[in-house]
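Containing PDB, C-alpha atoms and all ligand atoms: protein_9.pdb.
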```pdb
ATOM      1  CA  MET A   1      47.984  85.634  90.799
ATOM      2  CA  LEU A   2      49.188  86.890  87.466
ATOM      3  CA  LEU A   3      52.601  85.238  87.349
ATOM      4  CA  PRO A   4      53.590  81.677  88.205
ATOM      5  CA  ASP A   5      55.156  81.425  91.627
ATOM      6  CA  PRO A   6      58.786  80.651  90.552
ATOM      7  CA  LEU A   7      58.823  83.740  88.362
ATOM      8  CA  GLN A   8      57.277  85.919  91.041
ATOM      9  CA  LYS A   9      59.833  84.644  93.549
ATOM     10  CA  LEU A  10      62.742  85.620  91.316
ATOM     11  CA  ILE A  11      61.259  89.052  90.674
ATOM     12  CA  SER A  12      60.797  89.649  94.407
ATOM     13  CA  ALA A  13      64.405  88.624  95.087
ATOM     14  CA  LEU A  14      65.794  90.820  92.302
ATOM     15  CA  GLU A  15      63.748  93.769  93.522
ATOM     16  CA  ARG A  16      65.705  93.740  96.752
ATOM     17  CA  LEU A  17      68.993  94.426  94.958
ATOM     18  CA  PRO A  18      70.359  97.988  95.087
ATOM     19  CA  GLY A  19      69.418 100.074  92.077
ATOM     20  CA  ILE A  20      66.855  97.576  90.785
ATOM     21  CA  GLY A  21      63.218  98.677  90.734
ATOM     22  CA  PRO A  22      60.153  96.515  90.080
ATOM     23  CA  LYS A  23      60.322  97.115  86.317
ATOM     24  CA  SER A  24      63.986  96.116  85.913
ATOM     25  CA  ALA A  25      63.400  93.143  88.196
ATOM     26  CA  SER A  26      60.606  91.877  85.949
ATOM     27  CA  ARG A  27      62.654  92.536  82.830
ATOM     28  CA  LEU A  28      65.625  90.576  84.252
ATOM     29  CA  ALA A  29      63.426  87.676  85.359
ATOM     30  CA  PHE A  30      61.893  87.356  81.895
ATOM     31  CA  PHE A  31      65.369  87.591  80.401
ATOM     32  CA  PHE A  32      66.443  84.539  82.420
ATOM     33  CA  LEU A  33      63.363  82.699  81.283
ATOM     34  CA  ARG A  34      64.509  83.044  77.675
ATOM     35  CA  ALA A  35      68.294  82.855  78.247
ATOM     36  CA  PRO A  36      70.295  79.625  77.911
ATOM     37  CA  ASP A  37      70.324  77.366  80.974
ATOM     38  CA  GLU A  38      74.112  77.757  81.375
ATOM     39  CA  LEU A  39      73.729  81.407  82.237
ATOM     40  CA  SER A  40      71.305  80.749  85.088
ATOM     41  CA  GLN A  41      73.474  77.901  86.326
ATOM     42  CA  GLU A  42      76.636  79.976  86.262
ATOM     43  CA  LEU A  43      74.929  82.775  88.114
ATOM     44  CA  ALA A  44      73.410  80.434  90.684
ATOM     45  CA  GLU A  45      76.790  78.801  91.338
ATOM     46  CA  ALA A  46      78.591  82.127  91.582
ATOM     47  CA  LEU A  47      75.991  83.424  94.026
ATOM     48  CA  SER A  48      75.911  80.364  96.240
ATOM     49  CA  GLY A  49      79.716  80.212  96.493
ATOM     50  CA  LEU A  50      80.170  83.920  97.008
ATOM     51  CA  LYS A  51      80.152  83.977 100.790
ATOM     52  CA  SER A  52      81.591  80.537 101.495
ATOM     53  CA  ARG A  53      84.509  80.998  99.108
ATOM     54  CA  THR A  54      85.578  84.451 100.231
ATOM     55  CA  ALA A  55      86.905  85.819 103.504
ATOM     56  CA  LEU A  56      88.296  89.031 104.932
ATOM     57  CA  CYS A  57      92.039  89.587 105.159
ATOM     58  CA  GLN A  58      92.929  89.555 108.850
ATOM     59  CA  GLU A  59      95.405  92.392 108.351
ATOM     60  CA  CYS A  60      93.586  94.962 106.195
ATOM     61  CA  PHE A  61      90.037  93.502 106.027
ATOM     62  CA  ASN A  62      89.965  93.618 102.257
ATOM     63  CA  ILE A  63      88.036  90.813 100.603
ATOM     64  CA  THR A  64      90.130  87.761  99.713
ATOM     65  CA  MET A  65      89.806  84.039  98.976
ATOM     66  CA  ALA A  66      88.547  81.812 101.793
ATOM     67  CA  GLY A  67      91.382  79.978 103.525
ATOM     68  CA  ARG A  68      93.819  82.875 103.273
ATOM     69  CA  THR A  69      94.600  84.863 106.394
ATOM     70  CA  ARG A  70      96.167  87.729 104.459
ATOM     71  CA  CYS A  71      95.232  89.149 101.072
ATOM     72  CA  GLU A  72      97.561  89.375  98.078
ATOM     73  CA  ILE A  73      98.326  93.037  98.700
ATOM     74  CA  CYS A  74      99.315  92.426 102.347
ATOM     75  CA  GLU A  75     101.486  89.481 101.341
ATOM     76  CA  ASP A  76     103.216  91.256  98.471
ATOM     77  CA  PRO A  77     106.739  92.155  99.684
ATOM     78  CA  ARG A  78     107.009  94.808  96.965
ATOM     79  CA  ARG A  79     104.236  96.852  98.571
ATOM     80  CA  ASP A  80     105.319  99.522 101.044
ATOM     81  CA  GLY A  81     104.015  98.542 104.480
ATOM     82  CA  GLY A  82     104.919 101.994 105.793
ATOM     83  CA  ILE A  83     101.930 103.618 104.102
ATOM     84  CA  ILE A  84      98.347 102.609 104.820
ATOM     85  CA  CYS A  85      95.481 103.977 102.755
ATOM     86  CA  VAL A  86      92.242 103.853 104.751
ATOM     87  CA  VAL A  87      89.077 103.330 102.668
ATOM     88  CA  GLU A  88      85.415 102.678 103.384
ATOM     89  CA  GLU A  89      84.836  99.588 101.248
ATOM     90  CA  SER A  90      86.721  96.905  99.325
ATOM     91  CA  LEU A  91      85.418  98.469  96.108
ATOM     92  CA  ASP A  92      87.498 101.550  96.901
ATOM     93  CA  VAL A  93      90.625  99.369  97.014
ATOM     94  CA  LEU A  94      89.706  98.170  93.554
ATOM     95  CA  ALA A  95      89.236 101.743  92.305
ATOM     96  CA  LEU A  96      92.614 102.862  93.671
ATOM     97  CA  GLU A  97      94.365  99.744  92.394
ATOM     98  CA  ARG A  98      93.002 100.446  88.924
ATOM     99  CA  VAL A  99      94.779 103.812  88.960
ATOM    100  CA  GLY A 100      98.009 101.885  89.480
ATOM    101  CA  ALA A 101      99.851 104.741  91.182
ATOM    102  CA  TYR A 102      99.704 103.549  94.777
ATOM    103  CA  ASN A 103     102.236 101.133  96.168
ATOM    104  CA  GLY A 104     101.340 101.063  99.858
ATOM    105  CA  ARG A 105      98.900  98.893 101.731
ATOM    106  CA  PHE A 106      95.240  99.382 102.609
ATOM    107  CA  HIS A 107      92.844  99.237 105.512
ATOM    108  CA  VAL A 108      89.154  98.686 104.802
ATOM    109  CA  LEU A 109      86.834 100.133 107.450
ATOM    110  CA  HIS A 110      83.654  98.464 106.160
ATOM    111  CA  GLY A 111      81.560 101.558 106.710
ATOM    112  CA  VAL A 112      81.731 105.085 108.066
ATOM    113  CA  LEU A 113      80.767 106.698 111.332
ATOM    114  CA  SER A 114      77.147 107.765 111.189
ATOM    115  CA  PRO A 115      75.408 108.821 114.399
ATOM    116  CA  ILE A 116      72.090 109.044 112.520
ATOM    117  CA  GLU A 117      72.289 105.411 111.486
ATOM    118  CA  GLY A 118      73.743 104.385 114.827
ATOM    119  CA  VAL A 119      77.181 103.469 113.480
ATOM    120  CA  GLY A 120      79.870 104.167 116.079
ATOM    121  CA  PRO A 121      83.634 103.548 116.191
ATOM    122  CA  GLU A 122      83.121 100.007 117.508
ATOM    123  CA  ASP A 123      80.964  99.078 114.507
ATOM    124  CA  ILE A 124      83.668  99.594 111.881
ATOM    125  CA  ARG A 125      87.297  98.408 111.690
ATOM    126  CA  ILE A 126      88.897 101.282 113.572
ATOM    127  CA  ARG A 127      90.350  99.387 116.544
ATOM    128  CA  SER A 128      92.265  97.069 114.209
ATOM    129  CA  LEU A 129      93.702 100.055 112.323
ATOM    130  CA  LEU A 130      94.993 101.581 115.549
ATOM    131  CA  ASP A 131      96.451  98.184 116.500
ATOM    132  CA  ARG A 132      98.246  98.001 113.167
ATOM    133  CA  VAL A 133      99.757 101.432 113.708
ATOM    134  CA  SER A 134     100.707 100.565 117.316
ATOM    135  CA  ARG A 135     102.753  97.627 116.075
ATOM    136  CA  GLY A 136     105.061 100.155 114.411
ATOM    137  CA  GLY A 137     106.602 100.529 110.973
ATOM    138  CA  VAL A 138     103.865 102.828 109.666
ATOM    139  CA  ARG A 139     105.011 106.277 108.474
ATOM    140  CA  GLU A 140     101.928 107.613 106.774
ATOM    141  CA  ILE A 141      98.188 107.089 106.923
ATOM    142  CA  ILE A 142      96.191 108.300 103.932
ATOM    143  CA  LEU A 143      92.588 108.904 104.931
ATOM    144  CA  ALA A 144      90.698 108.081 101.748
ATOM    145  CA  THR A 145      87.158 107.943 103.030
ATOM    146  CA  ASN A 146      84.601 109.455 100.646
ATOM    147  CA  PRO A 147      84.278 113.265 100.477
ATOM    148  CA  SER A 148      80.851 113.105 102.112
ATOM    149  CA  MET A 149      79.676 114.345 105.503
ATOM    150  CA  GLU A 150      80.141 110.915 107.091
ATOM    151  CA  GLY A 151      83.421 110.321 105.258
ATOM    152  CA  ASP A 152      84.824 113.644 106.481
ATOM    153  CA  ALA A 153      83.612 113.025 110.036
ATOM    154  CA  THR A 154      85.227 109.592 110.014
ATOM    155  CA  ALA A 155      88.520 111.044 108.719
ATOM    156  CA  LEU A 156      88.450 113.671 111.465
ATOM    157  CA  TYR A 157      87.791 111.061 114.143
ATOM    158  CA  LEU A 158      90.619 108.873 112.819
ATOM    159  CA  GLN A 159      92.956 111.848 112.751
ATOM    160  CA  GLN A 160      92.282 112.478 116.450
ATOM    161  CA  GLN A 161      92.805 108.830 117.314
ATOM    162  CA  LEU A 162      95.971 108.532 115.235
ATOM    163  CA  ARG A 163      97.622 111.781 116.299
ATOM    164  CA  PRO A 164      99.252 110.348 119.479
ATOM    165  CA  HIS A 165     100.943 107.663 117.360
ATOM    166  CA  GLY A 166     103.129 110.245 115.644
ATOM    167  CA  VAL A 167     102.492 109.157 112.055
ATOM    168  CA  GLN A 168     101.962 111.525 109.150
ATOM    169  CA  ILE A 169      98.253 111.799 108.379
ATOM    170  CA  THR A 170      97.094 112.883 104.923
ATOM    171  CA  ARG A 171      93.702 113.252 103.286
ATOM    172  CA  LEU A 172      92.975 112.818  99.577
ATOM    173  CA  ALA A 173      93.002 116.176  97.785
ATOM    174  CA  ARG A 174      89.716 117.807  96.868
ATOM    175  CA  GLY A 175      88.765 117.551  93.257
ATOM    176  CA  LEU A 176      86.798 114.483  94.101
ATOM    177  CA  PRO A 177      83.178 115.559  93.842
ATOM    178  CA  VAL A 178      81.762 116.449  97.265
ATOM    179  CA  GLY A 179      79.175 113.907  98.298
ATOM    180  CA  GLY A 180      80.582 111.581  95.646
ATOM    181  CA  ASP A 181      81.853 108.052  95.880
ATOM    182  CA  LEU A 182      85.484 107.059  95.401
ATOM    183  CA  GLU A 183      84.265 104.016  93.590
ATOM    184  CA  TYR A 184      82.721 106.085  90.801
ATOM    185  CA  ALA A 185      85.490 108.647  90.397
ATOM    186  CA  ASP A 186      87.327 108.485  87.081
ATOM    187  CA  GLN A 187      90.952 107.403  87.133
ATOM    188  CA  SER A 188      92.540 110.801  86.450
ATOM    189  CA  THR A 189      90.514 112.477  89.219
ATOM    190  CA  LEU A 190      91.499 109.724  91.604
ATOM    191  CA  LEU A 191      95.150 109.980  90.544
ATOM    192  CA  LYS A 192      95.103 113.744  91.149
ATOM    193  CA  ALA A 193      93.408 113.290  94.524
ATOM    194  CA  LEU A 194      96.006 110.745  95.562
ATOM    195  CA  SER A 195      99.107 112.638  94.405
ATOM    196  CA  GLY A 196      97.770 115.928  95.792
ATOM    197  CA  ARG A 197      96.900 114.472  99.194
ATOM    198  CA  GLN A 198      97.353 116.983 101.981
ATOM    199  CA  GLU A 199      98.530 116.726 105.515
ATOM    200  CA  MET A 200      95.630 117.069 107.938
ATOM    201  CA  GLY A 201      96.350 120.098 110.088
TER
HETATM  202 ZN    ZN B 301      95.144  92.531 103.364
END
```

Written as structure tokens, how would this file's structure read?
Amino acid sequence: MLLPDPLQKLISALERLPGIGPKSASRLAFFFLRAPDELSQELAEALSGLKSRTALCQECFNITMAGRTRCEICEDPRRDGGIICVVEESLDVLALERVGAYNGRFHVLHGVLSPIEGVGPEDIRIRSLLDRVSRGGVREIILATNPSMEGDATALYLQQQLRPHGVQITRLARGLPVGGDLEYADQSTLLKALSGRQEMG
């Protein structure tokens, strides 16, 4: 045993984070060892409250504060409830909100269809989207899933499911890198993709 157990435990936990390899995990752990106590405490508190203090909006399934049934976007009367932009993750909402050019509402699927990984329509928030549209008042659905194989397949599936409802269905314009992530697209690319969205034929 080269490292004391508490240090090894932290390294093992950090290693499980996305994008963190064994080397960065060790580097981070040693950083905390030297850093002021407040930093560790702040991080520990933020982490432990993360799940208990947040919840999903019951309308669009975006992340919101615990205790709220609807998120700020769904409750904002200035937002156009007639347009729903369908995204894969809450981070995509954040990316589109940063652009500041969209005034409709959202629907977060929390994943994409992926037969290989065993993710079917019942595993993501598709039923609730169709329910929202059934309740009426929706004119347009923007399918803003990522321009990846799964994202395209999910958009196609949604288009088929939504077609009988008689709403306009658009897809973000290309220009987003194929295989890329909405979350990482720069603002001007995202703005172009949004304003150039095309009706799905
Ligand atoms: Zn919401």

Listed atoms of stretch 22-25 of chain A boxed along x, y and z, 3 Å each side, centre and edge lengths in Å, one decimal, as AutoDock Vina command-line options:
```
--center_x 62.1 --center_y 95.1 --center_z 88.0 --size_x 9.8 --size_y 10.0 --size_z 10.2
```

Find the residues with any atom within 10 Å of (83.1, 108.0, 97.4); use only C-alpha atoms and the coordinates as given in the file, and write the answer as a PDB file with C-alpha atoms, keeping the file's coordinate frame.
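Written output follows (selection_10.pdb):
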```
ATOM      1  CA  VAL A  87      89.077 103.330 102.668  1.00  0.00           C
ATOM      2  CA  GLU A  88      85.415 102.678 103.384  1.00  0.00           C
ATOM      3  CA  GLU A  89      84.836  99.588 101.248  1.00  0.00           C
ATOM      4  CA  LEU A  91      85.418  98.469  96.108  1.00  0.00           C
ATOM      5  CA  ASP A  92      87.498 101.550  96.901  1.00  0.00           C
ATOM      6  CA  ALA A 144      90.698 108.081 101.748  1.00  0.00           C
ATOM      7  CA  THR A 145      87.158 107.943 103.030  1.00  0.00           C
ATOM      8  CA  ASN A 146      84.601 109.455 100.646  1.00  0.00           C
ATOM      9  CA  PRO A 147      84.278 113.265 100.477  1.00  0.00           C
ATOM     10  CA  SER A 148      80.851 113.105 102.112  1.00  0.00           C
ATOM     11  CA  GLY A 151      83.421 110.321 105.258  1.00  0.00           C
ATOM     12  CA  LEU A 176      86.798 114.483  94.101  1.00  0.00           C
ATOM     13  CA  PRO A 177      83.178 115.559  93.842  1.00  0.00           C
ATOM     14  CA  VAL A 178      81.762 116.449  97.265  1.00  0.00           C
ATOM     15  CA  GLY A 179      79.175 113.907  98.298  1.00  0.00           C
ATOM     16  CA  GLY A 180      80.582 111.581  95.646  1.00  0.00           C
ATOM     17  CA  ASP A 181      81.853 108.052  95.880  1.00  0.00           C
ATOM     18  CA  LEU A 182      85.484 107.059  95.401  1.00  0.00           C
ATOM     19  CA  GLU A 183      84.265 104.016  93.590  1.00  0.00           C
ATOM     20  CA  TYR A 184      82.721 106.085  90.801  1.00  0.00           C
ATOM     21  CA  ALA A 185      85.490 108.647  90.397  1.00  0.00           C
TER      22      ALA A 185
END
```

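Relative to atom CA of A:His107, atom CA of A:Leu129 is found at 6.9 Å.
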
**OP:** Please extract the residues at most 6 Å from ligand ZN 301 (chain B), counting all atoms listed in the file, and provide them as a PyMOL selection string, using the chain letters and residue numbers of this document.
**Re:** chain A and resi 57+59-62+70-71+73-74

Would you export the selected residues with C-alpha atoms as a PDB file, keeping the file's coordinate frame, please?
```pdb
ATOM      1  CA  CYS A  57      92.039  89.587 105.159  1.00  0.00           C
ATOM      2  CA  GLU A  59      95.405  92.392 108.351  1.00  0.00           C
ATOM      3  CA  CYS A  60      93.586  94.962 106.195  1.00  0.00           C
ATOM      4  CA  PHE A  61      90.037  93.502 106.027  1.00  0.00           C
ATOM      5  CA  ASN A  62      89.965  93.618 102.257  1.00  0.00           C
ATOM      6  CA  ARG A  70      96.167  87.729 104.459  1.00  0.00           C
ATOM      7  CA  CYS A  71      95.232  89.149 101.072  1.00  0.00           C
ATOM      8  CA  ILE A  73      98.326  93.037  98.700  1.00  0.00           C
ATOM      9  CA  CYS A  74      99.315  92.426 102.347  1.00  0.00           C
TER      10      CYS A  74
END
```

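Relative to atom CA of A:Gly49, atom CA of A:Leu3 is found at 29.1 Å.
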
**OP:** Determine the residue set returned by the PyMOL selection byres (((chain A and resi 32) around 12) and not hetatm) for the present structure, and present it as a list in words.
**Re:**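 That selection, the PyMOL selection byres (((chain A and resi 32) around 12) and not hetatm), comes back as Pro6, Leu7, Leu10, Ile11, Leu14, Ala25, Ser26, Arg27, Leu28, Ala29, Phe30, Phe31, Leu33, Arg34, Ala35, Pro36, Asp37, Glu38, Leu39, Ser40, Gln41, Glu42, Leu43 and Ala44 of chain A.
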
Original post:
Just so the selection is clear, what residues does the PyMOL selection byres (((chain A and resi 133) around 12) and not hetatm) cover here, as a ChimeraX atom specification?
Top reply: /A:59-60,81-84,86,107,126-132,134-141,158,161-169

Original post:
For A:Ser114, which residue out of A:Tyr157, A:Val93, A:Arg171, A:Arg98 is the nearest one, using all atoms listed in the file?
Top reply: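 Among the listed residues, A:Tyr157 lies closest to A:Ser114.
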
Original post:
Any idea what the distance is between atom CA of A:Ala173 and atom CA of A:Arg197?
Top reply: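 According to the coordinates, atom CA of A:Ala173 and atom CA of A:Arg197 are separated by 4.5 Å.
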
Subject >> Answer key for the PyMOL selection byres (((chain A and resi 100) around 12) and not hetatm), residues as a PyMOL selection string >> reply: chain A and resi 93-99+101-104+187-188+190-191+194-195

**OP:** List every protein, DNA or RNA residue that has an atom no more than 6 Å from (89.4, 87.7, 104.3) in the file's coordinate frame, counting all atoms listed in the file, and report them as an NGL selection string.
**Re:** :A and (55-57 or 63-64)

Output file for the residues above (C-alpha atoms, as a PDB file, in the frame of the given file):
```
ATOM      1  CA  ALA A  55      86.905  85.819 103.504  1.00  0.00           C
ATOM      2  CA  LEU A  56      88.296  89.031 104.932  1.00  0.00           C
ATOM      3  CA  CYS A  57      92.039  89.587 105.159  1.00  0.00           C
ATOM      4  CA  ILE A  63      88.036  90.813 100.603  1.00  0.00           C
ATOM      5  CA  THR A  64      90.130  87.761  99.713  1.00  0.00           C
TER       6      THR A  64
END
```

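If only C-alpha atoms are the atoms counted, then among A:Ser52, A:Gln160, A:His110, A:Ser24 the closest residue to A:Met65 is A:Ser52.
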
**OP:** Do a neighbour search on A:Glu150 at 10 Å with all atoms listed in the file, toss out local chain neighbours closer than 5 positions, and write the hits as a count of residues only.
**Re:** 10

Subject >> Residue nearest A:Leu172 among A:Cys85, A:Leu109, A:Arg53, A:Ile124 (counting all atoms listed in the file) >> reply: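 Using all atoms listed in the file, A:Leu172 sits closest to A:Cys85.
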
Could you extract stretch 140-155 of chain A of the given structure into a file holding N, CA and C atoms, as a tab-separated table (two decimals), in the first residue's frame?
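Saved to decode33.tsv:
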```tsv
chain	number	residue	atom	x	y	z
A	140	GLU	N	-45.47	24.22	-32.98
A	140	GLU	CA	-44.23	23.73	-33.60
A	140	GLU	C	-43.40	22.95	-32.60
A	141	ILE	N	-42.80	21.87	-33.11
A	141	ILE	CA	-41.85	21.09	-32.32
A	141	ILE	C	-40.51	21.17	-33.03
A	142	ILE	N	-39.51	21.67	-32.34
A	142	ILE	CA	-38.16	21.71	-32.91
A	142	ILE	C	-37.39	20.50	-32.37
A	143	LEU	N	-37.00	19.61	-33.26
A	143	LEU	CA	-36.25	18.44	-32.81
A	143	LEU	C	-34.77	18.79	-32.78
A	144	ALA	N	-34.26	19.01	-31.59
A	144	ALA	CA	-32.88	19.48	-31.43
A	144	ALA	C	-32.00	18.43	-30.77
A	145	THR	N	-32.26	17.17	-31.11
A	145	THR	CA	-31.36	16.13	-30.63
A	145	THR	C	-30.04	16.28	-31.38
A	146	ASN	N	-28.97	15.72	-30.84
A	146	ASN	CA	-27.64	15.90	-31.44
A	146	ASN	C	-27.59	15.33	-32.86
A	147	PRO	N	-26.73	15.92	-33.72
A	147	PRO	CA	-26.58	15.40	-35.08
A	147	PRO	C	-25.72	14.13	-35.11
A	148	SER	N	-26.10	13.15	-34.34
A	148	SER	CA	-25.39	11.87	-34.31
A	148	SER	C	-26.34	10.80	-34.84
A	149	MET	N	-25.86	9.58	-34.97
A	149	MET	CA	-26.71	8.51	-35.48
A	149	MET	C	-27.94	8.32	-34.57
A	150	GLU	N	-27.69	8.26	-33.26
A	150	GLU	CA	-28.79	8.06	-32.32
A	150	GLU	C	-29.72	9.27	-32.29
A	151	GLY	N	-29.10	10.47	-32.34
A	151	GLY	CA	-29.89	11.70	-32.31
A	151	GLY	C	-30.81	11.80	-33.51
A	152	ASP	N	-30.28	11.43	-34.70
A	152	ASP	CA	-31.08	11.45	-35.92
A	152	ASP	C	-32.20	10.41	-35.86
A	153	ALA	N	-31.86	9.22	-35.37
A	153	ALA	CA	-32.85	8.14	-35.28
A	153	ALA	C	-33.97	8.54	-34.32
A	154	THR	N	-33.60	9.20	-33.24
A	154	THR	CA	-34.60	9.64	-32.26
A	154	THR	C	-35.51	10.70	-32.87
A	155	ALA	N	-34.91	11.64	-33.63
A	155	ALA	CA	-35.69	12.69	-34.28
A	155	ALA	C	-36.68	12.07	-35.27
```
